[in-house]
Each structure stands twice: as structure tokens, then as C-alpha cells.
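Source file: protein_32.cif. Holds: mmCIF, C-alpha atoms.
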```cif
data_upload
#
loop_
_atom_site.label_atom_id
_atom_site.label_comp_id
_atom_site.auth_asym_id
_atom_site.auth_seq_id
_atom_site.Cartn_x
_atom_site.Cartn_y
_atom_site.Cartn_z
CA MET J 147 85.06 -2.81 26.83
CA ARG J 148 86.80 -5.32 24.52
CA VAL J 149 87.36 -2.56 21.96
CA LYS J 150 88.82 -0.30 24.64
CA ASP J 151 91.14 -2.99 25.95
CA ALA J 152 92.31 -3.99 22.49
CA TYR J 153 92.93 -0.52 21.15
CA THR J 154 95.13 2.32 22.38
CA PRO J 155 94.16 5.63 20.81
CA PRO J 156 97.07 7.56 19.29
CA ALA J 157 95.60 10.91 20.30
CA PRO J 158 93.93 12.08 23.48
CA THR J 159 90.50 11.89 21.83
CA GLY J 160 89.26 9.23 24.25
CA HIS J 161 87.39 5.97 23.87
CA LEU J 162 84.30 7.47 22.21
CA ALA J 163 86.15 7.88 18.93
CA VAL J 164 86.74 4.13 18.84
CA VAL J 165 83.11 3.45 19.65
CA ASP J 166 82.16 5.76 16.78
CA ILE J 167 84.27 3.73 14.36
CA ALA J 168 83.18 0.34 15.69
CA LEU J 169 79.47 1.11 15.43
CA ASP J 170 79.68 2.20 11.77
CA ARG J 171 78.86 5.79 12.57
CA THR J 172 75.47 4.90 14.09
CA MET J 173 76.71 6.81 17.10
CA GLY J 174 79.02 9.77 17.31
CA TYR J 175 80.26 12.45 19.61
CA ILE J 176 81.72 15.93 19.66
CA VAL J 177 83.99 17.44 22.32
CA ALA J 178 84.21 21.23 22.28
CA ASP J 179 85.93 23.72 24.55
CA ALA J 180 84.32 26.67 26.30
CA GLN J 181 84.62 28.81 23.14
CA GLY J 182 82.77 26.15 21.08
CA VAL J 183 85.82 25.03 19.16
CA ARG J 184 85.73 21.34 18.29
CA ARG J 185 88.49 19.39 20.01
CA ALA J 186 87.53 15.78 19.30
CA GLY J 187 84.83 13.61 17.76
CA GLY J 188 83.91 12.41 14.31
CA LEU J 189 80.28 13.57 14.23
CA ASP J 190 79.76 15.95 11.32
CA ALA J 191 77.12 18.21 12.86
CA ASP J 192 76.65 21.60 14.43
CA MET J 193 76.70 21.80 18.21
CA PRO J 194 73.07 21.98 19.45
CA PRO J 195 71.97 23.84 22.59
CA SER J 196 72.77 22.34 25.94
CA GLY J 197 70.52 19.51 26.97
CA TRP J 198 68.58 16.85 25.10
CA SER J 199 67.92 17.38 21.38
CA GLU J 200 65.55 15.17 19.46
CA PHE J 201 66.52 16.26 15.94
CA ILE J 202 70.17 16.94 15.11
CA HIS J 203 71.06 17.17 11.41
CA PHE J 204 74.38 15.53 10.56
CA ARG J 205 76.17 14.02 7.57
CA HIS J 206 77.40 10.44 7.18
CA PRO J 207 80.96 9.80 5.96
CA ASP J 208 79.50 8.74 2.58
CA GLY J 209 77.79 12.13 2.22
CA ARG J 210 74.26 11.12 3.17
CA ASP J 211 72.26 13.54 5.29
CA ALA J 212 70.56 12.11 8.35
CA ILE J 213 69.00 13.07 11.66
CA ALA J 214 70.27 12.07 15.08
CA GLN J 215 69.16 12.55 18.63
CA GLY J 216 71.60 13.27 21.40
CA LEU J 217 72.52 14.89 24.69
CA ASN J 218 74.77 17.92 24.98
CA SER J 219 76.36 17.95 28.45
CA ARG J 220 78.56 20.62 30.00
CA LEU J 221 82.00 19.46 31.15
CA GLY J 222 83.85 20.53 34.25
CA GLY J 223 86.35 22.75 32.45
CA GLY J 224 83.65 24.70 30.65
CA GLY J 225 83.63 22.51 27.55
CA TYR J 226 80.78 20.52 26.05
CA LEU J 227 80.28 16.86 25.20
CA LEU J 228 77.66 15.89 22.63
CA VAL J 229 76.81 12.21 22.31
CA ALA J 230 74.35 11.48 19.50
CA ALA J 231 72.82 8.43 17.84
CA ASP J 232 71.37 8.09 14.37
CA ARG J 233 67.56 8.12 14.40
CA THR J 234 67.35 5.66 11.50
CA ALA J 235 66.91 2.68 13.78
CA VAL J 236 64.38 4.60 15.86
CA ASP J 237 62.48 5.64 12.74
CA GLN J 238 62.48 2.05 11.52
CA ILE J 239 61.11 0.87 14.84
CA ASP J 240 58.47 3.60 14.69
CA ALA J 241 57.54 2.51 11.18
CA VAL J 242 57.24 -1.12 12.30
CA LEU J 243 55.12 -0.10 15.28
CA LEU J 244 52.95 2.05 13.02
CA ARG J 245 52.43 -0.85 10.62
CA LEU J 246 51.58 -3.13 13.52
CA PHE J 247 49.16 -0.56 14.88
CA LEU J 248 47.50 -0.12 11.48
CA ALA J 249 47.27 -3.89 11.01
CA ALA J 250 45.77 -4.36 14.48
CA PHE J 251 43.38 -1.47 13.89
CA GLY J 252 42.36 -2.95 10.52
CA ILE J 253 41.75 -6.36 12.07
CA LEU J 254 39.72 -4.85 14.90
CA PHE J 255 37.76 -2.76 12.40
CA LEU J 256 36.96 -5.80 10.25
CA VAL J 257 36.00 -7.87 13.29
CA ASN J 258 33.76 -5.09 14.63
CA LEU J 259 32.24 -4.59 11.17
CA ALA J 260 31.49 -8.32 10.91
CA LEU J 261 29.97 -8.31 14.39
CA ILE J 262 27.83 -5.26 13.61
CA LEU J 263 26.62 -6.75 10.32
CA GLY J 264 25.91 -10.09 11.95
CA PHE J 265 24.06 -8.45 14.83
CA GLY J 266 22.07 -6.28 12.42
CA ARG J 267 21.16 -9.30 10.32
CA ALA J 268 20.08 -11.25 13.40
CA VAL J 269 17.95 -8.33 14.62
CA ARG J 270 16.42 -7.94 11.16
CA ARG J 271 15.61 -11.65 11.02
CA ARG J 272 13.88 -11.55 14.41
CA LEU J 273 11.93 -8.42 13.47
CA ASP J 274 10.84 -9.95 10.16
CA ALA J 275 9.60 -13.07 11.96
CA MET J 276 7.60 -10.97 14.42
CA ALA J 277 6.24 -8.84 11.58
CA ARG J 278 5.06 -11.95 9.71
CA GLY J 279 3.37 -13.21 12.86
CA ALA J 280 1.62 -9.86 13.38
CA GLU J 281 0.42 -9.82 9.76
CA ALA J 282 -0.99 -13.34 10.12
CA ILE J 283 -2.81 -12.33 13.31
CA MET J 284 -4.26 -9.23 11.62
CA ALA J 285 -5.40 -11.47 8.76
CA GLY J 286 -7.50 -13.46 11.24
CA ASP J 287 -5.22 -16.31 12.29
CA MET J 288 -5.60 -15.89 16.05
CA SER J 289 -3.69 -19.13 16.65
CA ARG J 290 -0.46 -17.55 15.38
CA ARG J 291 2.08 -16.49 17.99
CA MET J 292 5.34 -14.58 18.05
CA PRO J 293 8.40 -16.84 17.63
CA VAL J 294 10.45 -17.59 20.75
CA GLU J 295 13.92 -19.00 20.02
CA GLY J 296 14.86 -19.81 23.60
CA THR J 297 17.86 -17.47 23.76
CA SER J 298 16.36 -15.55 26.71
CA ASP J 299 17.25 -12.26 25.09
CA GLU J 300 15.15 -9.09 24.83
CA PHE J 301 13.34 -10.38 21.74
CA ASP J 302 12.30 -13.57 23.54
CA GLU J 303 11.06 -11.50 26.49
CA LEU J 304 9.07 -9.24 24.17
CA ALA J 305 7.67 -12.23 22.26
CA THR J 306 6.64 -13.91 25.54
CA VAL J 307 4.81 -10.79 26.71
CA LEU J 308 3.05 -10.40 23.33
CA ASN J 309 2.05 -14.06 23.28
CA GLY J 310 0.56 -13.73 26.75
CA MET J 311 -1.38 -10.68 25.61
CA LEU J 312 -2.61 -12.55 22.53
CA ASP J 313 -3.71 -15.51 24.66
CA ARG J 314 -5.71 -13.15 26.86
CA ILE J 315 -7.30 -11.43 23.85
CA VAL J 316 -8.20 -14.77 22.25
CA ALA J 317 -9.79 -15.96 25.51
CA LEU J 318 -11.88 -12.78 25.80
CA VAL J 319 -12.94 -12.88 22.14
CA THR J 320 -13.84 -16.57 22.41
CA ARG J 321 -15.89 -15.91 25.52
CA LEU J 322 -17.68 -12.99 23.86
CA ARG J 323 -18.36 -15.06 20.74
CA GLU J 324 -19.74 -17.93 22.77
CA LEU J 325 -21.89 -15.52 24.74
CA SER J 326 -23.34 -13.84 21.64
CA SER J 327 -23.85 -17.18 19.90
CA GLY J 328 -25.54 -18.70 22.93
CA LEU J 329 -27.70 -15.64 23.38
CA ALA J 330 -28.79 -15.74 19.75
CA HIS J 331 -29.58 -19.45 19.96
CA ASP J 332 -31.49 -19.05 23.20
CA LEU J 333 -33.57 -16.15 21.91
CA ARG J 334 -34.30 -17.57 18.46
CA THR J 335 -36.74 -20.22 19.74
CA PRO J 336 -38.83 -17.83 21.92
CA LEU J 337 -38.78 -15.33 19.09
CA SER J 338 -40.11 -17.92 16.64
CA ARG J 339 -42.87 -18.82 19.06
CA MET J 340 -43.73 -15.17 19.51
CA GLN J 341 -43.92 -14.66 15.74
CA THR J 342 -46.18 -17.70 15.38
CA LYS J 343 -48.52 -16.38 18.06
CA LEU J 344 -48.55 -12.92 16.49
CA GLU J 345 -49.36 -14.36 13.06
CA ARG J 346 -52.14 -16.45 14.56
CA SER J 347 -53.49 -13.44 16.42
CA ALA J 348 -53.35 -11.34 13.28
CA GLY J 349 -55.36 -13.97 11.44
CA MET J 350 -57.98 -14.03 14.19
CA ALA J 351 -58.22 -10.27 14.59
CA ARG J 352 -61.45 -8.61 13.42
CA ASP J 353 -60.44 -5.02 14.03
CA VAL J 354 -58.44 -3.49 11.19
CA GLU J 355 -56.37 -1.27 13.48
CA GLN J 356 -55.54 -4.19 15.72
CA GLN J 357 -54.56 -6.29 12.70
CA GLU J 358 -52.21 -3.54 11.47
CA LEU J 359 -50.55 -3.36 14.87
CA LEU J 360 -50.03 -7.11 14.91
CA GLU J 361 -48.57 -7.10 11.41
CA ALA J 362 -46.17 -4.31 12.41
CA ALA J 363 -45.13 -6.39 15.43
CA ILE J 364 -44.60 -9.36 13.12
CA ASP J 365 -42.33 -7.23 10.88
CA ASP J 366 -40.34 -6.11 13.91
CA GLY J 367 -40.01 -9.73 14.97
CA ASN J 368 -38.75 -10.70 11.53
CA ARG J 369 -36.13 -7.96 11.62
CA LEU J 370 -35.10 -9.09 15.07
CA ALA J 371 -34.82 -12.67 13.84
CA ASP J 372 -32.66 -11.51 10.93
CA LEU J 373 -30.45 -9.65 13.39
CA PHE J 374 -29.95 -12.79 15.49
CA ALA J 375 -29.23 -14.81 12.33
CA GLY J 376 -26.60 -12.24 11.37
CA LEU J 377 -25.01 -12.53 14.82
CA LEU J 378 -24.85 -16.30 14.41
CA SER J 379 -23.29 -15.95 10.95
CA ILE J 380 -20.65 -13.53 12.29
CA ALA J 381 -19.86 -15.95 15.10
CA GLU J 382 -19.46 -18.79 12.60
CA ILE J 383 -17.20 -16.73 10.35
CA ASP J 384 -15.04 -15.53 13.28
CA GLY J 385 -14.83 -19.08 14.53
CA ARG J 386 -13.71 -20.26 11.06
CA ARG J 387 -16.54 -22.79 10.93
CA ALA J 388 -18.14 -21.09 7.93
CA GLN J 389 -14.82 -20.75 6.13
CA ARG J 390 -14.64 -24.52 5.71
CA ARG J 391 -17.58 -24.23 3.32
CA PHE J 392 -15.93 -21.56 1.20
CA VAL J 393 -14.90 -22.50 -2.35
CA ARG J 394 -12.48 -20.84 -4.73
CA LEU J 395 -14.06 -18.67 -7.38
CA ASP J 396 -12.39 -17.89 -10.68
CA LEU J 397 -13.20 -14.21 -11.03
CA GLY J 398 -11.69 -14.08 -14.51
CA ALA J 399 -14.06 -16.74 -15.80
CA ALA J 400 -16.97 -15.04 -14.06
CA VAL J 401 -16.12 -11.73 -15.72
CA GLU J 402 -15.81 -13.40 -19.12
CA ASP J 403 -19.23 -14.99 -18.62
CA ARG J 404 -20.73 -11.62 -17.78
CA ARG J 405 -19.12 -10.03 -20.83
CA GLY J 406 -20.62 -12.63 -23.20
CA PRO J 407 -23.83 -12.05 -25.14
CA PRO J 408 -27.04 -12.48 -23.21
CA PRO J 409 -29.09 -15.65 -23.78
CA GLY J 410 -31.24 -15.50 -26.89
CA PHE J 411 -29.18 -12.69 -28.43
CA ARG J 412 -28.86 -12.86 -32.21
CA GLY J 413 -26.11 -10.91 -33.84
#
```

Go through the file and emit its structure as C-alpha cells.
Amino acid sequence: MRVKDAYTPPAPTGHLAVVDIALDRTMGYIVADAQGVRRAGGLDADMPPSGWSEFIHFRHPDGRDAIAQGLNSRLGGGGYLLVAADRTAVDQIDAVLLRLFLAAFGILFLVNLALILGFGRAVRRRLDAMARGAEAIMAGDMSRRMPVEGTSDEFDELATVLNGMLDRIVALVTRLRELSSGLAHDLRTPLSRMQTKLERSAGMARDVEQQELLEAAIDDGNRLADLFAGLLSIAEIDGRRAQRRFVRLDLGAAVEDRRGPPPGFRG
């Protein structure tokens, strides 16, 4: 409005010509009659179809080609008025928005990648800990349990369930071991007495056939005693009582000793 008030156009081209000059050709217009003949306006472009046009090719006063967007409206007397604006500013804004979008997308991608890697590493760490616990249990360490970190997540729930199952298994195995060990202890004394009586009877027997039957019964009793002794040994090994008496053996030295010349050998 200040430009309009301060300037009186010399020709009946209207105020838009002044706006075109004041805005450094970032905006322009064309006024044409019903036959399409240009009557006013400094926009160097062809008249587009009626209505809104997104891409209008025009030329700057310095000779540069550019693209504008504008609206071609029909006037009352049959003429046309095209008002267009250079798309350079719009393209610059689009470029800025595109850069911002790419930067935001890159940041989100890096953040998501870091979260995925961190989550994968945490899951792998928990799985490795549970795998080590399972390997120790399979190796015979029934006191080992799955680690519970107190985060109340799915891994803690799974570890709690597995630990409860392991506690139940250990209780059943311990009860079975105690039962077999107690049974072997309780039967060993009567079995020894029975063997003593059979041996005494075999020594007193006068019939050869009867003596053979008693000796066969004694052999069966000895095998039964060996079986109970084996059960007791298995119970001790499972209970880790026998393992306390184990000693380390250097197999390399043992092999070297076996590979040496026999005693009394003269080369």
C-alpha cells in the first residue's frame, strides 16, 4: 500500500506493475484481452491455460530461465489476468524441508539401530548366561541355577520357572538316592549274615549235590553283594562324596612310563 500511495503509474497498467518492480521480479503478472494479446505486465512468459498452473516457464530480466507458479483468472470483459510467483523460494523451502527430513530420518535410523544392537546384545548376554548354567547342570553341578537379574522381564520369568523345575528334580533325585543308599545299607547286613550261614552250611554238608547247591547260592549272594556295593558307590559319586577323594593324574607322564623299557630289559 505504501508503494501504491507513493507512486502514480504513467500508464493504465495498474498497481501490479509497481509490485513487480518492487519485489525484484519475484512476482509478475500479465493482462491480456479476449484475443490473447498482451496489454500489460512485465512477466516474460506464455499465457498458460485458465486456472492454477504449478509450472510456468518464464525468463528473468537478466536472461535467466526460471519456473513460476500462478493463477490465470478470466476478467469481466473477456480478458485474462495471470499473477505468477517465482518458484525459487518454494524450491529452496522444499530443499530445506528435505534436508531436515533426511537429517531427522538419519537420526531416527541411528537411534533405532543403536537400540536394536543394544537389545540384541542384552538378549545374547542373557542367553549366554543361561547356556552356561545349563552346561554346568549337565556336567553334574545340580546346585547351579539360571541367573535372575531382578528386571521382571520374560527372561527372569523363564529363569524362575526353570529354577523351580530344577529344585523339584534335585529333590526327587536326592530322595531316590537316599532311598537306594538306605536300601543297600539295610540289605547288606542281612545279606552278609545269609552268606555266612550258607558258607557254614556248605562246610557242614555231607551230600555232594547239596554242597554244590549251597556253593551256587553263595556265588549268587556274592554277586548280589557286589550289586549293592555298586549302588552305594553310584550314590556316593552322584552325591559328590567320592569326588573329594579324587586326585589329578598326569596322563602324559603315565603314557611316558608305559612307553619306557620294561624292568630288567637290557638293550

Query raised in the report: Can you tell me, as number ranges by chain, what residues are no more than 9 Å from Asn218 (chain J) when counting only C-alpha atoms, ignoring any on the same chain fewer than 3 positions away?
Result: J: 176, 193-199, 226-230

Query raised in the report: Applied to the shown file, which residues does the PyMOL selection byres ((chain J and resi 305) around 8) return, written as a list in words?
Result: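 Evaluating the PyMOL selection byres ((chain J and resi 305) around 8) on this file yields Met276, Met292, Pro293, Val294, Phe301, Asp302, Glu303, Leu304, Thr306, Val307, Leu308 and Asn309 of chain J.
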
Enclosing box along x, y and z for every listed atom of region 317-336 of chain J, padded 5 Å each side, centre and size in Å, one decimal, as lines of an AutoDock Vina configuration file:
```
center_x = -24.3
center_y = -16.5
center_z = 22.1
size_x = 39.0
size_y = 17.4
size_z = 17.3
```

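Once the PyMOL selection byres ((chain J and resi 347) around 12) is applied to this file, the selection holds Met340, Gln341, Thr342, Lys343, Leu344, Glu345, Arg346, Ala348, Gly349, Met350, Ala351, Arg352, Asp353, Gln356, Gln357, Glu358, Leu359, Leu360, Glu361, Ala363 and Ile364 of chain J.
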
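What the PyMOL selection byres ((chain J and resi 187) around 7) grabs from this file is Ala163, Gly174, Tyr175, Ile176, Val177, Ala186, Gly188 and Leu189 of chain J.
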
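With CA of Ile315 (chain J) on one side and CA of Met288 (chain J) on the other, the separation reads 9.1 Å.
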
Query raised in the report: To one decimal place, how far is CA of Arg270 (chain J) from CA of Ile283 (chain J) in Å?
Result: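 Answer for the CA of Arg270 (chain J) to CA of Ile283 (chain J) separation: 19.8 Å.
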
**Report entry** Straight-line distance linking CA of Gly376 (chain J) with CA of Asp396 (chain J), stated in Å to one decimal
**Finding:** 26.8 Å

Query - Non-local contacts of Gln181 (chain J) (9 Å; all atoms listed in the file; under 3 positions in same chain excluded) as an MDAnalysis selection string - result: chainID J and resid 178 184 224:225

Requested in this report: Point out the residue among J:Val269, J:Ala375, J:Leu217, J:Leu243 with the least atom-to-atom distance to Met173 (chain J), counting all atoms listed in the file.
Outcome: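 Of J:Val269, J:Ala375, J:Leu217, J:Leu243, the one nearest Met173 (chain J) is J:Leu217, counting all atoms listed in the file.
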
Query raised in the report: Pick from J:Arg314, J:Ser327, J:Gly266, J:Arg185: nearest to Ser379 (chain J), with all atoms listed in the file counted?
Result: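 Of all the options, J:Ser327 lies closest to Ser379 (chain J).
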
Query raised in the report: Which residue, J:Glu300, J:Glu355, J:Ala214, J:His331, has the smallest gap to Leu273 (chain J) when you use all atoms listed in the file?
Result: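 Under the stated criterion, the closest residue is J:Glu300.
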
Requested in this report: Rank nothing, just name the residue among J:Val319, J:Ile213, J:Ala399, J:Ile253 nearest to Val236 (chain J), using only C-alpha atoms.
Outcome: J:Ile213

What's around Phe374 (chain J) at 10 Å? Count all atoms listed in the file, leave out sequence neighbours fewer than 2 positions away in its own chain, and write the answer as a compact mmCIF listing (two decimals) with C-alpha atoms, in the coordinates of the input.
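To be explicit, this is the file written out as result-v5.txt:
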```
# COMPACT_ATOMS: atom_id res chain seq x y z
CA SER J 326 -23.34 -13.84 21.64
CA SER J 327 -23.85 -17.18 19.90
CA LEU J 329 -27.70 -15.64 23.38
CA ALA J 330 -28.79 -15.74 19.75
CA HIS J 331 -29.58 -19.45 19.96
CA LEU J 333 -33.57 -16.15 21.91
CA ARG J 334 -34.30 -17.57 18.46
CA LEU J 337 -38.78 -15.33 19.09
CA ASN J 368 -38.75 -10.70 11.53
CA ARG J 369 -36.13 -7.96 11.62
CA LEU J 370 -35.10 -9.09 15.07
CA ALA J 371 -34.82 -12.67 13.84
CA ASP J 372 -32.66 -11.51 10.93
CA GLY J 376 -26.60 -12.24 11.37
CA LEU J 377 -25.01 -12.53 14.82
CA LEU J 378 -24.85 -16.30 14.41
CA SER J 379 -23.29 -15.95 10.95
CA ILE J 380 -20.65 -13.53 12.29
```
